[in-house]
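Source file: start-v7.txt. Holds: compact mmCIF, C-alpha atoms.
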# COMPACT_ATOMS: atom_id res chain seq x y z
CA MET Q 21 191.17 -91.68 45.11
CA PRO Q 22 188.88 -89.20 43.38
CA ARG Q 23 190.62 -85.87 42.91
CA ARG Q 24 188.10 -83.78 44.84
CA LEU Q 25 188.63 -85.94 47.94
CA THR Q 26 192.37 -85.37 48.24
CA GLY Q 27 191.87 -82.13 50.18
CA PHE Q 28 190.15 -84.05 52.97
CA PHE Q 29 193.26 -86.14 53.66
CA ALA Q 30 196.66 -85.39 55.15
CA HIS Q 31 199.37 -88.02 55.57
CA GLY Q 32 196.90 -90.78 54.66
CA ARG Q 33 194.39 -89.75 57.33
CA LEU Q 34 190.99 -88.19 56.86
CA THR Q 35 191.18 -84.75 58.45
CA THR Q 36 187.47 -83.95 58.25
CA ILE Q 37 184.28 -85.65 57.11
CA PRO Q 38 182.72 -83.65 54.26
CA VAL Q 39 179.52 -81.80 55.14
CA ARG Q 40 178.05 -81.77 51.63
CA PRO Q 41 176.11 -85.03 51.19
CA VAL Q 42 177.28 -85.63 47.61
CA VAL Q 43 180.95 -85.26 48.52
CA ARG Q 44 180.50 -87.25 51.74
CA HIS Q 45 178.86 -90.08 49.77
CA GLU Q 46 181.76 -90.10 47.30
CA LEU Q 47 184.16 -90.34 50.24
CA LEU Q 48 182.17 -93.18 51.82
CA VAL Q 49 182.12 -95.11 48.55
CA HIS Q 50 185.89 -94.70 48.33
CA LEU Q 51 186.36 -95.87 51.93
CA THR Q 52 184.07 -98.90 51.66
CA ASP Q 53 185.69 -99.93 48.37
CA THR Q 54 189.12 -99.59 49.94
CA LEU Q 55 188.56 -100.99 53.43
CA PHE Q 56 186.00 -103.79 53.02
CA ASP Q 57 185.81 -106.96 50.95
CA ALA Q 58 182.44 -107.67 49.37
CA ASP Q 59 182.44 -111.37 50.12
CA ARG Q 60 182.57 -111.36 53.92
CA SER Q 61 180.86 -110.12 57.05
CA TYR Q 62 182.54 -107.86 59.58
CA SER Q 63 181.91 -107.47 63.28
CA GLU Q 64 181.31 -103.96 64.59
CA ARG Q 65 184.78 -104.05 66.11
CA GLU Q 66 186.33 -104.94 62.74
CA VAL Q 67 184.41 -102.12 61.05
CA ASN Q 68 185.60 -99.69 63.71
CA ASP Q 69 189.19 -100.91 63.41
CA ALA Q 70 189.08 -100.44 59.63
CA PHE Q 71 187.66 -96.92 59.88
CA ARG Q 72 190.10 -96.03 62.66
CA THR Q 73 192.94 -96.44 60.15
CA VAL Q 74 191.72 -93.23 58.50
CA HIS Q 75 189.70 -91.32 61.14
CA GLU Q 76 188.88 -91.44 64.85
CA ASP Q 77 185.12 -90.88 64.55
CA THR Q 78 184.33 -94.47 63.62
CA ALA Q 79 180.70 -94.21 64.78
CA ALA Q 80 179.97 -91.37 62.36
CA LEU Q 81 181.60 -93.14 59.42
CA ARG Q 82 179.79 -96.39 60.24
CA ARG Q 83 176.45 -94.61 60.62
CA TYR Q 84 176.87 -92.63 57.37
CA CYS Q 85 177.76 -95.83 55.48
CA VAL Q 86 174.66 -97.61 56.79
CA THR Q 87 172.43 -94.59 56.08
CA ASP Q 88 173.84 -94.26 52.55
CA GLY Q 89 173.27 -97.97 51.90
CA LEU Q 90 176.96 -98.84 51.51
CA LEU Q 91 177.04 -101.16 54.51
CA VAL Q 92 174.14 -103.23 55.79
CA ARG Q 93 173.90 -104.18 59.43
CA ASP Q 94 172.23 -107.29 60.79
CA GLN Q 95 169.13 -106.46 62.77
CA ASP Q 96 170.86 -107.40 66.01
CA GLY Q 97 173.87 -105.25 65.09
CA SER Q 98 176.27 -108.17 65.27
CA SER Q 99 177.69 -107.93 61.76
CA TYR Q 100 178.05 -105.67 58.75
CA ARG Q 101 178.40 -106.41 55.05
CA ARG Q 102 179.45 -104.21 52.18
CA VAL Q 103 176.72 -103.58 49.60
CA LEU Q 104 177.81 -103.73 45.99
CA ALA Q 105 176.39 -101.14 43.64
CA ASP Q 106 174.58 -102.44 40.60
CA ALA Q 107 176.80 -102.26 37.55

In structure tokens, what does this structure look like?
Amino acid sequence: MPRRLTGFFAHGRLTTIPVRPVVRHELLVHLTDTLFDADRSYSEREVNDAFRTVHEDTAALRRYCVTDGLLVRDQDGSSYRRVLADA
């Protein structure tokens, strides 16, 4: 975990979602890298279950990840996939 993100966690749980977009994006990258495999699709329920392991506001985390381009959602909202950054 990047050093500047450690203050947002207590006992393995995210205590608050960073307000600053740069820090929030860094957090979201960390979470998507940690919680989601690149080679599979996830249902909305699976995405929520994964995010719930670190924070209760799963809708906000899911929405931020889609907005930041870290997860892509099918047009009908039935599945999500992790987006890999270009190396």

Could you tell me which of Q:Tyr100, Q:Val92, Q:Ala80, Q:Phe56 comes closest to Pro38 in chain Q if we count only C-alpha atoms?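 Comparing Q:Tyr100, Q:Val92, Q:Ala80, Q:Phe56 against Pro38 in chain Q, the winner is Q:Ala80.
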
Counting only C-alpha atoms, what is within 10 Å of Phe71 in chain Q, bar same-chain residues fewer than 5 positions away, as a VMD selection string? chain Q and resid 34 51 to 52 55 to 56 65 to 66 76 to 82

Range 48-101 of chain Q near range 22-29 of chain Q within 10 Å: what's each residue's closest atom pair and its distance in Å to one decimal, counting all atoms listed in the file, ordered by chain then ascending residue number, as CSV?
residue,atom,partner,partner_atom,distance
Q:His50,CA,Q:Pro22,CA,8.0
Q:Val74,CA,Q:Phe29,CA,8.7
Q:His75,CA,Q:Phe29,CA,9.8

Can you tell me how far CA of Arg101 in chain Q sits from CA of Ser61 in chain Q, in Å to one decimal? 4.9 Å

As JSON, what would the box around range 40-58 of chain Q look like: edges along x, y and z, 3 Å added on every side, centre and edge lengths in Å to one decimal?
{"center_x": 182.6, "center_y": -94.7, "center_z": 50.4, "size_x": 19.0, "size_y": 31.9, "size_z": 12.1}

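The shell of residues at most 12 Å from Asp53 in chain Q, with only C-alpha atoms counted and near chain neighbours (fewer than 3 positions) removed, consists of Met21, Glu46, Leu47, Leu48, Val49, His50, Phe56, Asp57, Ala58, Ala70, Cys85, Leu90, Leu91, Arg101, Arg102, Val103, Leu104 and Ala105 of chain Q.
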
Between CA of Glu64 in chain Q and CA of Val39 in chain Q, what is the distance in Å, rounded to a tenth?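 CA of Val39 in chain Q lies 24.2 Å from CA of Glu64 in chain Q.
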
Of the listed residues Q:Gly97, Q:Gly89, Q:Ala30, Q:Tyr84, that which approaches Arg44 in chain Q most closely, counting only C-alpha atoms: Q:Tyr84

As an exercise, work out the distance from CA of Ile37 in chain Q to CA of Arg93 in chain Q in Å and give it to one decimal place. 21.4 Å

Could you check the closest approach to Ser99 in chain Q for each of Q:Arg60, Q:Arg72, Q:Arg40, Q:Arg83 and tell me which residue wins, using all atoms listed in the file?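 So, comparing all the options, the nearest one is Q:Arg60.
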
Just save range 60-72 of chain Q with N, CA, C and O atoms, as a compact mmCIF listing (two decimals), in the first residue's frame.
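Generated output (out_10.txt):
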# COMPACT_ATOMS: atom_id res chain seq x y z
N ARG Q 60 -11.28 -11.34 -15.65
CA ARG Q 60 -12.66 -11.81 -15.47
C ARG Q 60 -13.62 -10.66 -15.29
O ARG Q 60 -13.23 -9.54 -14.97
N SER Q 61 -14.90 -10.97 -15.50
CA SER Q 61 -15.98 -10.01 -15.28
C SER Q 61 -16.57 -10.25 -13.90
O SER Q 61 -16.55 -11.38 -13.40
N TYR Q 62 -17.13 -9.19 -13.33
CA TYR Q 62 -17.75 -9.27 -12.01
C TYR Q 62 -19.17 -8.72 -12.10
O TYR Q 62 -19.40 -7.70 -12.75
N SER Q 63 -20.09 -9.37 -11.41
CA SER Q 63 -21.44 -8.82 -11.31
C SER Q 63 -21.40 -7.63 -10.35
O SER Q 63 -20.44 -7.46 -9.59
N GLU Q 64 -22.44 -6.82 -10.37
CA GLU Q 64 -22.49 -5.69 -9.45
C GLU Q 64 -22.44 -6.18 -8.00
O GLU Q 64 -21.78 -5.56 -7.16
N ARG Q 65 -23.09 -7.27 -7.74
CA ARG Q 65 -23.08 -7.82 -6.38
C ARG Q 65 -21.66 -8.22 -5.96
O ARG Q 65 -21.24 -7.96 -4.83
N GLU Q 66 -20.91 -8.84 -6.88
CA GLU Q 66 -19.54 -9.23 -6.57
C GLU Q 66 -18.65 -8.00 -6.34
O GLU Q 66 -17.80 -8.00 -5.44
N VAL Q 67 -18.86 -6.95 -7.12
CA VAL Q 67 -18.11 -5.71 -6.93
C VAL Q 67 -18.44 -5.13 -5.56
O VAL Q 67 -17.54 -4.75 -4.80
N ASN Q 68 -19.71 -5.08 -5.23
CA ASN Q 68 -20.12 -4.56 -3.92
C ASN Q 68 -19.54 -5.40 -2.79
O ASN Q 68 -19.06 -4.85 -1.79
N ASP Q 69 -19.60 -6.71 -2.92
CA ASP Q 69 -19.04 -7.59 -1.88
C ASP Q 69 -17.55 -7.35 -1.69
O ASP Q 69 -17.05 -7.33 -0.56
N ALA Q 70 -16.83 -7.16 -2.80
CA ALA Q 70 -15.39 -6.91 -2.70
C ALA Q 70 -15.13 -5.58 -2.00
O ALA Q 70 -14.30 -5.50 -1.08
N PHE Q 71 -15.83 -4.52 -2.41
CA PHE Q 71 -15.63 -3.22 -1.77
C PHE Q 71 -16.07 -3.22 -0.31
O PHE Q 71 -15.48 -2.55 0.52
N ARG Q 72 -17.09 -4.00 0.00
CA ARG Q 72 -17.60 -4.05 1.38
C ARG Q 72 -16.54 -4.61 2.34
O ARG Q 72 -16.60 -4.35 3.54
